[in-house]
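K.L.:
First the structure, which I've put down as structure tokens, then a few questions once you've had a look.
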Amino acid sequence: MTSVYGGEAAELLRVWSADLPAMLHEFVDGTYRTVPADTPLGEIVARLTPDQRTELIAREAAYLARVFSPEISEAEHRSAAHDAGRTHALVGVGPQTLTETYVQLQQRFHAIERTYPPEVAAPLSRILDLRILLDLSAQTATLGEISRSITIAITQIDAVLANTAGLDDLIRGTFAVLDGLDGIAAGLFLRADDRGELQVEASLGSGDRYHHAMEEGRIPKINLDPELSAGQGPGGRAWRSGEIVTANAWMNVGEGLPWRSAAEELGYRAAAAIPLVDSSGRTAALIMLYSGYPGFFATNRIGKFLGYLQQVLGRESALRIHAPVIPLRIRAAYRSLLREQRVAVLYQPLVDLRDGSVPKIEALARLLDENDELIPADAFIPALGEEDLFELTRSVLARACRDCRALERDGVVTSVSVNIPAHALGESRYRDTIFRALREHELEPRRLVLEVLETPLDTIDTAARTSIAAELRAAGIAVVQDDLGSAHSSLVRLDSYPFDGVKIDQTLVRGAREKPLRSLEFVLYLTRLVHALGALVTVEGLEDAALVEAAAILGADRGQGYGIAQPMPFSALPAWFGSYRYEVDVQSPRSALGALAGFLLWDLQLGELARWPNLAEQFVGADSLLERYAGRHARDDATLGRLIERNRIAALHGAHDARYRSTRSDIVRALRAHVHDGR
């Protein structure tokens, strides 16, 4: 092969090198002008503007002139062929098209060679043929490398799917893989907010610059409205149809017009919109990808890859997509505050609803913005990835252990609880961080409670979770499930992990004033379920004294909420402990909510006594919490007393009797009216 470059080969090539550039330009120009439109090369050429076609012809002719120049070395030729093969692969030129084109060029060369003497034509033909062979071989090898890179990307994305629990890490991990894939210049991940506007939540490559152009108003945001030009592009069409939409000559057709200025600046020539569809068939998120190569997304291998992305990301994101929509700029701001350690820790006491003691305080993380205003956890936690959550947990754990120990030195002995993500139970680094914080601040392990946030547990290695959980329990550290009732996996998790306690999510009692019966029923039956599993129950969201009283009457063990104490800085805790008084008497309700809670218990117990009529009769005749409440309000509402008497008589016929059910409804309506009146 060495004889094809330098020396005699160079001398032979110089014989016709003066005429070569013009001949090659004529060949390339003729090939592109006469190529049939229904061939792969014809489709590629059709995507180009006239100026782009002229530029391509000049570039291809210059490349061929270099391939057959006297001065090029074998190493230089291989390198140039590798680059050319990469470009051809990214625009969709395959081995067959390359071979057919070189066969035509070879025929043109042979026609010219015949005009030379045999002693020149034969070796010249050999040189040209071997250089064509090397070029084809090198370019075809590069085409294979591009295909292999896609296979590797699929393997890497599969690993991301298997090792991430949250939506943020899923998208960021996938985008990190796509960012290394040749041909993809940029990407955006978008979801629709409560107003139906698409918000960018993640970007790759130059996507952040493209997004900034949208935010600055230089180009429109992608829209869902088909009546708007910004809704007629690939993104809007893909969202509405649920099908992948590609624009392979994006800047040459109408769908690219609204975004042309920024796209030209950034060199985008093709786009692909991948809708992520949930189980109901609705688009829940959108991935936009951009390439500097026209037709990049039209190739068969890339088309299959886009289909893979839609299938696996649609399935996996549906499991994680419950987090609120947080625009990219806000996500970045939250992460910046975390990196700058702009973290504050507030504390909210939990009260024992049986005796009024304070068994623990909960450490609540907040971010401090540039104006020192507090940002609540439910606003910024969904924007954090696993590494961010680890750093936040580490910081809060250290402060909580330190402050709990300091509180003890002030004469207040209590425990402290810290929120941890569910996957922490399966990671040794969290375990090590927990024990390190306890050692450094000399806090007994039994004084620390871990509250597991509502995130998927099934992504955790079961063996690791079991082992670490055993270590925590052996040390005396309690583990509590947070937010029971906030997601579908809560009850499943109760069955799969031996929690020491469970917190009923505040959303279940938040509407107690509007729907008191429904809210109290949730607390009653969840409390009974958790107690049956041997765990303690804490009710969150007890916003006033009436809710505190109702939760205590329903049998909950602990309560938390503004009706007990608001979150406060550590410095305010000693004064609160010194002034707090628990004034609930579960035997004599003062509030209508407390009376309704008592009546629900009475109703439940009546139903359970159906098989023992004699006991039921004694039970009905005994004094009840509802009667004690009615006695307090006899002057204000004599009607309630009469309803209770009618209900007592009807109850003798059993809890399922129509007369009893009717009087029961009357009492509930009367108590609901009391609740609405603020009693």
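Letters for chains follow the order of the structure tokens (A, B, ...), residue numbers begin at 1 for each chain, and ligand numbers begin at 1 in the order shown.
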If you take only C-alpha atoms and a cut-off of 8 Å, which residues of stretch 238-293 of chain A touch stretch 187-196 of chain A, and what are their nearest atom pairs and distances in Å to one decimal, in chain and number order, as CSV?
P.N.:
```
residue,atom,partner,partner_atom,distance
A:Ala284,CA,A:Arg191,CA,6.6
A:Ala285,CA,A:Arg191,CA,4.7
A:Leu286,CA,A:Leu190,CA,5.1
A:Ile287,CA,A:Phe189,CA,4.7
A:Met288,CA,A:Leu188,CA,5.1
A:Leu289,CA,A:Gly187,CA,4.3
A:Tyr290,CA,A:Gly187,CA,6.1
```
K.L.:
Write out as a ChimeraX atom specification the residues lying within 7 Å of stretch 659-674 of chain A, counting only C-alpha atoms and excluding same-chain residues fewer than 3 positions away.
P.N.:
/A:516,592,596,640,643,646-647,650-651,655-656,677-679
K.L.:
Would you please give, as a list in words, all residues of stretch 387-581 of chain A that DSSP assigns to strand (DSSP E) based on the backbone?
P.N.:
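Here is the list: Ser415, Val416, Ser417, Val418, Asn419, Ile420, Leu448, Val449, Leu450, Glu451, Val452, Ala478, Val479, Val480, Gln481, Asp482, Asp483, Leu484, Gly501, Val502, Lys503, Ile504, Leu536, Val537, Thr538, Val539, Arg558 and Gly559 of chain A.
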K.L.:
Given the selection you just returned, output its residues as a file containing N, CA and C atoms, formatted as a tab-separated table (two decimals), in the first residue's frame.
P.N.:
```tsv
chain	number	residue	atom	x	y	z
A	415	SER	N	-36.14	13.94	71.41
A	415	SER	CA	-35.50	13.37	70.23
A	415	SER	C	-35.64	14.33	69.06
A	416	VAL	N	-34.91	14.06	67.97
A	416	VAL	CA	-35.00	14.88	66.78
A	416	VAL	C	-35.18	13.97	65.57
A	417	SER	N	-36.05	14.37	64.66
A	417	SER	CA	-36.26	13.59	63.43
A	417	SER	C	-35.74	14.36	62.23
A	418	VAL	N	-35.21	13.60	61.28
A	418	VAL	CA	-34.64	14.17	60.05
A	418	VAL	C	-35.22	13.42	58.87
A	419	ASN	N	-35.61	14.13	57.84
A	419	ASN	CA	-36.14	13.51	56.62
A	419	ASN	C	-35.00	12.94	55.78
A	420	ILE	N	-35.20	11.74	55.25
A	420	ILE	CA	-34.23	11.13	54.33
A	420	ILE	C	-34.98	10.58	53.13
A	448	LEU	N	-32.45	9.80	67.78
A	448	LEU	CA	-32.58	10.18	66.37
A	448	LEU	C	-33.69	9.36	65.71
A	449	VAL	N	-34.55	10.05	64.97
A	449	VAL	CA	-35.61	9.40	64.20
A	449	VAL	C	-35.42	9.76	62.73
A	450	LEU	N	-35.50	8.79	61.86
A	450	LEU	CA	-35.38	9.02	60.41
A	450	LEU	C	-36.76	8.93	59.78
A	451	GLU	N	-37.17	9.99	59.09
A	451	GLU	CA	-38.46	10.00	58.41
A	451	GLU	C	-38.24	9.81	56.91
A	452	VAL	N	-38.75	8.71	56.39
A	452	VAL	CA	-38.51	8.33	54.99
A	452	VAL	C	-39.49	9.06	54.10
A	478	ALA	N	-34.96	4.96	65.30
A	478	ALA	CA	-36.31	4.66	64.80
A	478	ALA	C	-36.44	5.14	63.36
A	479	VAL	N	-37.24	4.41	62.57
A	479	VAL	CA	-37.51	4.77	61.17
A	479	VAL	C	-39.02	4.93	61.00
A	480	VAL	N	-39.42	6.07	60.48
A	480	VAL	CA	-40.84	6.41	60.34
A	480	VAL	C	-41.16	6.64	58.87
A	481	GLN	N	-42.29	6.13	58.42
A	481	GLN	CA	-42.74	6.46	57.07
A	481	GLN	C	-43.45	7.80	57.08
A	482	ASP	N	-42.98	8.71	56.26
A	482	ASP	CA	-43.58	10.04	56.17
A	482	ASP	C	-44.69	10.04	55.12
A	483	ASP	N	-45.67	10.91	55.32
A	483	ASP	CA	-46.68	11.22	54.31
A	483	ASP	C	-47.51	10.03	53.85
A	484	LEU	N	-47.97	9.20	54.78
A	484	LEU	CA	-48.89	8.12	54.41
A	484	LEU	C	-50.14	8.73	53.78
A	501	GLY	N	-42.95	3.90	63.08
A	501	GLY	CA	-44.06	4.84	63.12
A	501	GLY	C	-44.45	5.28	61.73
A	502	VAL	N	-45.62	5.89	61.63
A	502	VAL	CA	-46.15	6.37	60.35
A	502	VAL	C	-46.75	7.75	60.57
A	503	LYS	N	-46.52	8.64	59.61
A	503	LYS	CA	-47.11	9.97	59.66
A	503	LYS	C	-48.20	10.07	58.59
A	504	ILE	N	-49.40	10.41	59.01
A	504	ILE	CA	-50.51	10.60	58.06
A	504	ILE	C	-50.36	11.96	57.42
A	536	LEU	N	-46.59	3.37	65.62
A	536	LEU	CA	-47.21	4.58	66.16
A	536	LEU	C	-47.69	5.47	65.02
A	537	VAL	N	-48.73	6.27	65.29
A	537	VAL	CA	-49.32	7.14	64.27
A	537	VAL	C	-49.15	8.60	64.67
A	538	THR	N	-48.63	9.39	63.74
A	538	THR	CA	-48.56	10.84	63.90
A	538	THR	C	-49.43	11.47	62.82
A	539	VAL	N	-50.28	12.39	63.21
A	539	VAL	CA	-51.13	13.10	62.24
A	539	VAL	C	-50.51	14.47	61.99
A	558	ARG	N	-49.58	10.78	68.09
A	558	ARG	CA	-48.88	12.06	68.11
A	558	ARG	C	-49.49	13.01	67.09
A	559	GLY	N	-49.26	14.30	67.32
A	559	GLY	CA	-49.78	15.30	66.42
A	559	GLY	C	-48.74	16.36	66.10
```
K.L.:
Which of stretch 379-548 of chain A counts as alpha helix (DSSP H) under DSSP, as an mmCIF file with N, CA and C atoms, in the first residue's frame please?
P.N.:
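See out15.cif below for the written result:
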```cif
data_model
loop_
_atom_site.group_PDB
_atom_site.id
_atom_site.type_symbol
_atom_site.label_atom_id
_atom_site.label_comp_id
_atom_site.auth_asym_id
_atom_site.auth_seq_id
_atom_site.Cartn_x
_atom_site.Cartn_y
_atom_site.Cartn_z
ATOM 1 N N ALA A 379 -41.005 23.110 47.662
ATOM 2 C CA ALA A 379 -40.709 23.880 46.448
ATOM 3 C C ALA A 379 -39.388 23.441 45.827
ATOM 4 N N PHE A 380 -38.363 23.194 46.655
ATOM 5 C CA PHE A 380 -37.038 22.938 46.081
ATOM 6 C C PHE A 380 -36.622 21.468 46.065
ATOM 7 N N GLU A 386 -30.021 13.102 43.221
ATOM 8 C CA GLU A 386 -29.604 12.256 44.331
ATOM 9 C C GLU A 386 -28.394 12.823 45.065
ATOM 10 N N GLU A 387 -27.427 13.364 44.326
ATOM 11 C CA GLU A 387 -26.250 13.926 44.984
ATOM 12 C C GLU A 387 -26.614 15.172 45.780
ATOM 13 N N ASP A 388 -27.512 15.985 45.218
ATOM 14 C CA ASP A 388 -27.972 17.170 45.944
ATOM 15 C C ASP A 388 -28.669 16.759 47.242
ATOM 16 N N LEU A 389 -29.527 15.749 47.152
ATOM 17 C CA LEU A 389 -30.252 15.282 48.337
ATOM 18 C C LEU A 389 -29.295 14.743 49.392
ATOM 19 N N PHE A 390 -28.256 14.066 48.950
ATOM 20 C CA PHE A 390 -27.287 13.538 49.914
ATOM 21 C C PHE A 390 -26.599 14.672 50.664
ATOM 22 N N GLU A 391 -26.169 15.692 49.935
ATOM 23 C CA GLU A 391 -25.495 16.815 50.584
ATOM 24 C C GLU A 391 -26.437 17.544 51.537
ATOM 25 N N LEU A 392 -27.689 17.714 51.127
ATOM 26 C CA LEU A 392 -28.669 18.366 52.000
ATOM 27 C C LEU A 392 -28.898 17.525 53.256
ATOM 28 N N THR A 393 -29.079 16.229 53.096
ATOM 29 C CA THR A 393 -29.306 15.351 54.238
ATOM 30 C C THR A 393 -28.119 15.372 55.190
ATOM 31 N N ARG A 394 -26.924 15.316 54.646
ATOM 32 C CA ARG A 394 -25.714 15.345 55.477
ATOM 33 C C ARG A 394 -25.656 16.621 56.313
ATOM 34 N N SER A 395 -25.963 17.754 55.673
ATOM 35 C CA SER A 395 -25.914 19.034 56.374
ATOM 36 C C SER A 395 -26.973 19.107 57.475
ATOM 37 N N VAL A 396 -28.205 18.705 57.157
ATOM 38 C CA VAL A 396 -29.296 18.796 58.135
ATOM 39 C C VAL A 396 -29.069 17.822 59.283
ATOM 40 N N LEU A 397 -28.570 16.615 58.989
ATOM 41 C CA LEU A 397 -28.284 15.646 60.047
ATOM 42 C C LEU A 397 -27.294 16.205 61.057
ATOM 43 N N ALA A 398 -26.227 16.795 60.564
ATOM 44 C CA ALA A 398 -25.212 17.343 61.466
ATOM 45 C C ALA A 398 -25.799 18.430 62.355
ATOM 46 N N ARG A 399 -26.581 19.335 61.768
ATOM 47 C CA ARG A 399 -27.157 20.421 62.566
ATOM 48 C C ARG A 399 -28.170 19.893 63.565
ATOM 49 N N ALA A 400 -28.992 18.938 63.126
ATOM 50 C CA ALA A 400 -30.035 18.421 64.002
ATOM 51 C C ALA A 400 -29.432 17.726 65.218
ATOM 52 N N CYS A 401 -28.407 16.909 65.017
ATOM 53 C CA CYS A 401 -27.760 16.232 66.143
ATOM 54 C C CYS A 401 -27.106 17.243 67.076
ATOM 55 N N ARG A 402 -26.462 18.228 66.498
ATOM 56 C CA ARG A 402 -25.825 19.269 67.316
ATOM 57 C C ARG A 402 -26.855 20.022 68.148
ATOM 58 N N ASP A 403 -27.963 20.425 67.509
ATOM 59 C CA ASP A 403 -28.963 21.234 68.208
ATOM 60 C C ASP A 403 -29.718 20.422 69.253
ATOM 61 N N CYS A 404 -29.976 19.151 68.966
ATOM 62 C CA CYS A 404 -30.664 18.309 69.950
ATOM 63 C C CYS A 404 -29.806 18.162 71.206
ATOM 64 N N ARG A 405 -28.515 18.009 71.000
ATOM 65 C CA ARG A 405 -27.586 17.905 72.140
ATOM 66 C C ARG A 405 -27.532 19.223 72.894
ATOM 67 N N ALA A 406 -27.527 20.336 72.179
ATOM 68 C CA ALA A 406 -27.493 21.645 72.838
ATOM 69 C C ALA A 406 -28.764 21.889 73.629
ATOM 70 N N LEU A 407 -29.903 21.431 73.105
ATOM 71 C CA LEU A 407 -31.178 21.594 73.799
ATOM 72 C C LEU A 407 -31.164 20.824 75.123
ATOM 73 N N GLU A 408 -30.521 19.676 75.102
ATOM 74 C CA GLU A 408 -30.413 18.880 76.331
ATOM 75 C C GLU A 408 -29.610 19.621 77.387
ATOM 76 N N ARG A 409 -28.565 20.307 76.957
ATOM 77 C CA ARG A 409 -27.770 21.069 77.925
ATOM 78 C C ARG A 409 -28.568 22.221 78.529
ATOM 79 N N SER A 428 -24.956 2.639 51.750
ATOM 80 C CA SER A 428 -24.046 2.644 52.896
ATOM 81 C C SER A 428 -23.540 4.045 53.226
ATOM 82 N N ARG A 429 -23.460 4.933 52.225
ATOM 83 C CA ARG A 429 -22.945 6.275 52.523
ATOM 84 C C ARG A 429 -23.895 7.037 53.440
ATOM 85 N N TYR A 430 -25.198 6.816 53.294
ATOM 86 C CA TYR A 430 -26.147 7.449 54.204
ATOM 87 C C TYR A 430 -25.989 6.867 55.609
ATOM 88 N N ARG A 431 -25.870 5.544 55.686
ATOM 89 C CA ARG A 431 -25.670 4.914 56.993
ATOM 90 C C ARG A 431 -24.438 5.479 57.677
ATOM 91 N N ASP A 432 -23.320 5.583 56.933
ATOM 92 C CA ASP A 432 -22.082 6.091 57.516
ATOM 93 C C ASP A 432 -22.244 7.543 57.960
ATOM 94 N N THR A 433 -22.959 8.335 57.166
ATOM 95 C CA THR A 433 -23.178 9.744 57.516
ATOM 96 C C THR A 433 -24.007 9.865 58.789
ATOM 97 N N ILE A 434 -25.013 9.010 58.925
ATOM 98 C CA ILE A 434 -25.874 9.039 60.117
ATOM 99 C C ILE A 434 -25.059 8.741 61.371
ATOM 100 N N PHE A 435 -24.298 7.670 61.353
ATOM 101 C CA PHE A 435 -23.529 7.295 62.539
ATOM 102 C C PHE A 435 -22.401 8.293 62.821
ATOM 103 N N ARG A 436 -21.837 8.891 61.771
ATOM 104 C CA ARG A 436 -20.792 9.894 61.971
ATOM 105 C C ARG A 436 -21.351 11.125 62.682
ATOM 106 N N ALA A 437 -22.546 11.568 62.259
ATOM 107 C CA ALA A 437 -23.156 12.735 62.897
ATOM 108 C C ALA A 437 -23.461 12.460 64.366
ATOM 109 N N LEU A 438 -23.939 11.260 64.671
ATOM 110 C CA LEU A 438 -24.226 10.902 66.070
ATOM 111 C C LEU A 438 -22.954 10.910 66.912
ATOM 112 N N ARG A 439 -21.877 10.347 66.362
ATOM 113 C CA ARG A 439 -20.612 10.306 67.112
ATOM 114 C C ARG A 439 -20.049 11.703 67.335
ATOM 115 N N GLU A 440 -20.023 12.492 66.258
ATOM 116 C CA GLU A 440 -19.396 13.811 66.355
ATOM 117 C C GLU A 440 -20.100 14.716 67.354
ATOM 118 N N THR A 462 -32.873 -4.957 47.780
ATOM 119 C CA THR A 462 -33.554 -5.447 48.983
ATOM 120 C C THR A 462 -32.567 -5.914 50.041
ATOM 121 N N ALA A 463 -31.515 -6.620 49.629
ATOM 122 C CA ALA A 463 -30.534 -7.122 50.592
ATOM 123 C C ALA A 463 -29.836 -5.979 51.309
ATOM 124 N N ALA A 464 -29.462 -4.946 50.529
ATOM 125 C CA ALA A 464 -28.792 -3.789 51.139
ATOM 126 C C ALA A 464 -29.724 -3.076 52.097
ATOM 127 N N ARG A 465 -30.993 -2.919 51.709
ATOM 128 C CA ARG A 465 -31.965 -2.244 52.561
ATOM 129 C C ARG A 465 -32.160 -3.010 53.864
ATOM 130 N N THR A 466 -32.288 -4.327 53.759
ATOM 131 C CA THR A 466 -32.495 -5.156 54.948
ATOM 132 C C THR A 466 -31.303 -5.067 55.891
ATOM 133 N N SER A 467 -30.098 -5.112 55.335
ATOM 134 C CA SER A 467 -28.888 -5.068 56.141
ATOM 135 C C SER A 467 -28.741 -3.735 56.867
ATOM 136 N N ILE A 468 -28.928 -2.637 56.130
ATOM 137 C CA ILE A 468 -28.764 -1.310 56.732
ATOM 138 C C ILE A 468 -29.870 -1.047 57.746
ATOM 139 N N ALA A 469 -31.083 -1.466 57.423
ATOM 140 C CA ALA A 469 -32.194 -1.286 58.361
ATOM 141 C C ALA A 469 -31.914 -2.018 59.667
ATOM 142 N N ALA A 470 -31.340 -3.211 59.566
ATOM 143 C CA ALA A 470 -31.018 -3.978 60.767
ATOM 144 C C ALA A 470 -29.980 -3.248 61.618
ATOM 145 N N GLU A 471 -29.006 -2.630 60.975
ATOM 146 C CA GLU A 471 -27.998 -1.866 61.713
ATOM 147 C C GLU A 471 -28.627 -0.675 62.432
ATOM 148 N N LEU A 472 -29.517 0.037 61.744
ATOM 149 C CA LEU A 472 -30.163 1.203 62.345
ATOM 150 C C LEU A 472 -31.004 0.797 63.551
ATOM 151 N N ARG A 473 -31.797 -0.250 63.385
ATOM 152 C CA ARG A 473 -32.679 -0.693 64.469
ATOM 153 C C ARG A 473 -31.872 -1.220 65.647
ATOM 154 N N ALA A 474 -30.792 -1.926 65.351
ATOM 155 C CA ALA A 474 -29.953 -2.455 66.430
ATOM 156 C C ALA A 474 -29.335 -1.337 67.257
ATOM 157 N N ALA A 475 -29.053 -0.212 66.590
ATOM 158 C CA ALA A 475 -28.471 0.934 67.298
ATOM 159 C C ALA A 475 -29.518 1.723 68.074
ATOM 160 N N SER A 490 -47.760 3.918 49.370
ATOM 161 C CA SER A 490 -47.653 4.015 50.818
ATOM 162 C C SER A 490 -48.040 2.719 51.521
ATOM 163 N N LEU A 491 -49.215 2.174 51.222
ATOM 164 C CA LEU A 491 -49.690 0.986 51.905
ATOM 165 C C LEU A 491 -48.831 -0.223 51.556
ATOM 166 N N VAL A 492 -48.360 -0.300 50.319
ATOM 167 C CA VAL A 492 -47.469 -1.381 49.929
ATOM 168 C C VAL A 492 -46.194 -1.314 50.750
ATOM 169 N N ARG A 493 -45.686 -0.110 50.955
ATOM 170 C CA ARG A 493 -44.451 0.057 51.715
ATOM 171 C C ARG A 493 -44.635 -0.363 53.170
ATOM 172 N N LEU A 494 -45.792 -0.077 53.737
ATOM 173 C CA LEU A 494 -46.057 -0.489 55.119
ATOM 174 C C LEU A 494 -45.903 -1.994 55.278
ATOM 175 N N ASP A 495 -46.277 -2.711 54.234
ATOM 176 C CA ASP A 495 -46.223 -4.166 54.292
ATOM 177 C C ASP A 495 -44.810 -4.700 54.062
ATOM 178 N N SER A 496 -43.954 -3.892 53.423
ATOM 179 C CA SER A 496 -42.640 -4.387 53.030
ATOM 180 C C SER A 496 -41.519 -3.953 53.963
ATOM 181 N N PRO A 516 -65.479 17.671 56.902
ATOM 182 C CA PRO A 516 -64.978 17.124 58.173
ATOM 183 C C PRO A 516 -65.122 15.617 58.292
ATOM 184 N N LEU A 517 -66.254 15.061 57.835
ATOM 185 C CA LEU A 517 -66.459 13.626 57.979
ATOM 186 C C LEU A 517 -65.407 12.845 57.216
ATOM 187 N N ARG A 518 -65.157 13.237 55.966
ATOM 188 C CA ARG A 518 -64.179 12.538 55.141
ATOM 189 C C ARG A 518 -62.790 12.605 55.768
ATOM 190 N N SER A 519 -62.377 13.775 56.229
ATOM 191 C CA SER A 519 -61.044 13.934 56.810
ATOM 192 C C SER A 519 -60.877 13.082 58.056
ATOM 193 N N LEU A 520 -61.875 13.091 58.937
ATOM 194 C CA LEU A 520 -61.771 12.328 60.177
ATOM 195 C C LEU A 520 -61.838 10.827 59.921
ATOM 196 N N GLU A 521 -62.602 10.416 58.921
ATOM 197 C CA GLU A 521 -62.639 8.996 58.581
ATOM 198 C C GLU A 521 -61.280 8.500 58.111
ATOM 199 N N PHE A 522 -60.581 9.311 57.321
ATOM 200 C CA PHE A 522 -59.220 8.940 56.906
ATOM 201 C C PHE A 522 -58.347 8.696 58.126
ATOM 202 N N VAL A 523 -58.367 9.637 59.065
ATOM 203 C CA VAL A 523 -57.524 9.518 60.250
ATOM 204 C C VAL A 523 -57.921 8.286 61.065
ATOM 205 N N LEU A 524 -59.221 8.073 61.245
ATOM 206 C CA LEU A 524 -59.696 6.952 62.051
ATOM 207 C C LEU A 524 -59.235 5.619 61.485
ATOM 208 N N TYR A 525 -59.490 5.378 60.207
ATOM 209 C CA TYR A 525 -59.233 4.046 59.650
ATOM 210 C C TYR A 525 -57.751 3.813 59.369
ATOM 211 N N LEU A 526 -57.018 4.875 58.990
ATOM 212 C CA LEU A 526 -55.572 4.704 58.815
ATOM 213 C C LEU A 526 -54.902 4.456 60.162
ATOM 214 N N THR A 527 -55.389 5.118 61.199
ATOM 215 C CA THR A 527 -54.828 4.899 62.534
ATOM 216 C C THR A 527 -55.029 3.456 62.975
ATOM 217 N N ARG A 528 -56.230 2.939 62.766
ATOM 218 C CA ARG A 528 -56.489 1.551 63.145
ATOM 219 C C ARG A 528 -55.610 0.585 62.343
ATOM 220 N N LEU A 529 -55.422 0.871 61.059
ATOM 221 C CA LEU A 529 -54.595 0.007 60.218
ATOM 222 C C LEU A 529 -53.149 0.000 60.706
ATOM 223 N N VAL A 530 -52.598 1.194 60.950
ATOM 224 C CA VAL A 530 -51.195 1.289 61.365
ATOM 225 C C VAL A 530 -51.005 0.652 62.741
ATOM 226 N N HIS A 531 -51.947 0.868 63.655
ATOM 227 C CA HIS A 531 -51.851 0.245 64.971
ATOM 228 C C HIS A 531 -51.871 -1.279 64.855
ATOM 229 N N ALA A 532 -52.649 -1.797 63.910
ATOM 230 C CA ALA A 532 -52.701 -3.249 63.714
ATOM 231 C C ALA A 532 -51.348 -3.800 63.268
ATOM 232 N N ALA A 545 -56.723 23.998 67.338
ATOM 233 C CA ALA A 545 -56.980 23.193 68.531
ATOM 234 C C ALA A 545 -58.056 22.142 68.288
ATOM 235 N N ALA A 546 -59.035 22.445 67.429
ATOM 236 C CA ALA A 546 -60.105 21.495 67.157
ATOM 237 C C ALA A 546 -59.567 20.244 66.468
ATOM 238 N N LEU A 547 -58.672 20.420 65.507
ATOM 239 C CA LEU A 547 -58.085 19.264 64.836
ATOM 240 C C LEU A 547 -57.201 18.459 65.777
ATOM 241 N N VAL A 548 -56.467 19.148 66.645
ATOM 242 C CA VAL A 548 -55.651 18.453 67.645
ATOM 243 C C VAL A 548 -56.545 17.570 68.517
#
```
K.L.:
Applying 8 Å and only C-alpha atoms, which residues near A:Asp585 remain after dropping the ones on its own chain fewer than 3 positions away? List them as a list in words.
P.N.:
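In the requested format, the answer is Glu549, Ser588 and Pro589 of chain A.
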K.L.:
Would you work out the distance separating atom CA of A:Val413 from atom CA of A:Arg366, expressed in Å to one decimal?
P.N.:
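Separating atom CA of A:Val413 from atom CA of A:Arg366 is a distance of 24.5 Å.
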K.L.:
Find the residues near A:Ala58: any atom within 12 Å, counting only C-alpha atoms, skip ones fewer than 5 places away on the same chain, and give them as a CSV table (one decimal) with N, CA and C atoms, in the first residue's frame.
P.N.:
```
chain,number,residue,atom,x,y,z
A,21,PRO,N,-8.9,19.1,-10.2
A,21,PRO,CA,-10.0,19.8,-9.4
A,21,PRO,C,-11.2,20.1,-10.3
A,22,ALA,N,-11.0,20.6,-11.5
A,22,ALA,CA,-12.2,20.9,-12.4
A,22,ALA,C,-13.0,19.7,-12.7
A,24,LEU,N,-13.2,16.9,-10.9
A,24,LEU,CA,-13.9,16.4,-9.8
A,24,LEU,C,-15.1,17.2,-9.4
A,25,HIS,N,-15.0,18.5,-9.6
A,25,HIS,CA,-16.1,19.5,-9.3
A,25,HIS,C,-17.2,19.2,-10.3
A,26,GLU,N,-16.9,18.9,-11.6
A,26,GLU,CA,-17.9,18.6,-12.6
A,26,GLU,C,-18.6,17.3,-12.3
A,27,PHE,N,-17.8,16.3,-11.8
A,27,PHE,CA,-18.3,15.0,-11.4
A,27,PHE,C,-19.3,15.1,-10.3
A,28,VAL,N,-18.9,15.8,-9.2
A,28,VAL,CA,-19.8,15.9,-8.0
A,28,VAL,C,-21.0,16.7,-8.4
A,29,ASP,N,-20.8,17.8,-9.1
A,29,ASP,CA,-22.0,18.7,-9.5
A,29,ASP,C,-23.0,17.9,-10.3
A,32,TYR,N,-24.9,15.3,-8.1
A,32,TYR,CA,-26.0,15.8,-7.3
A,32,TYR,C,-27.2,16.4,-8.1
A,51,ASP,N,-28.1,27.3,-1.7
A,51,ASP,CA,-26.8,27.7,-1.2
A,51,ASP,C,-26.0,26.6,-0.5
A,52,GLN,N,-26.8,25.8,0.3
A,52,GLN,CA,-26.2,24.6,1.0
A,52,GLN,C,-25.7,23.6,0.0
A,53,ARG,N,-26.5,23.4,-1.1
A,53,ARG,CA,-26.1,22.5,-2.2
A,53,ARG,C,-24.8,22.9,-2.8
A,63,TYR,N,-12.7,17.6,-1.1
A,63,TYR,CA,-12.3,16.4,-0.4
A,63,TYR,C,-11.7,15.4,-1.3
A,64,LEU,N,-12.3,15.1,-2.5
A,64,LEU,CA,-11.8,14.2,-3.4
A,64,LEU,C,-10.5,14.6,-4.0
A,65,ALA,N,-10.4,15.9,-4.2
A,65,ALA,CA,-9.1,16.4,-4.8
A,65,ALA,C,-7.9,16.1,-3.8
```
K.L.:
Quick one, how far is atom CA of A:Glu583 from atom CA of A:Tyr562?
P.N.:
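Straight-line distance from atom CA of A:Glu583 to atom CA of A:Tyr562 works out to 15.2 Å.
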K.L.:
Residues at most 10 Å from A:Ile44, counting only C-alpha atoms, excluding those fewer than 6 positions away in the same chain, as a PyMOL selection string?
P.N.:
chain A and resi 32+37+91-93+248-249+294-296+298
K.L.:
Rounded to one decimal place, report the atom CA of A:Ala638-atom CA of A:Leu626 distance in Å.
P.N.:
13.3 Å
K.L.:
Name all residues at most 12 Å from A:Thr155 (count only C-alpha atoms; drop same-chain ones fewer than 2 positions away) and give them as a ChimeraX atom specification.
P.N.:
/A:148-153,157-162,174,177-178,305,308-309
K.L.:
Do a neighbour search on stretch 142-146 of chain A at 6 Å with only C-alpha atoms, toss out local chain neighbours closer than 5 positions, and write the hits as a PyMOL selection string.
P.N.:
chain A and resi 82+85-86+89
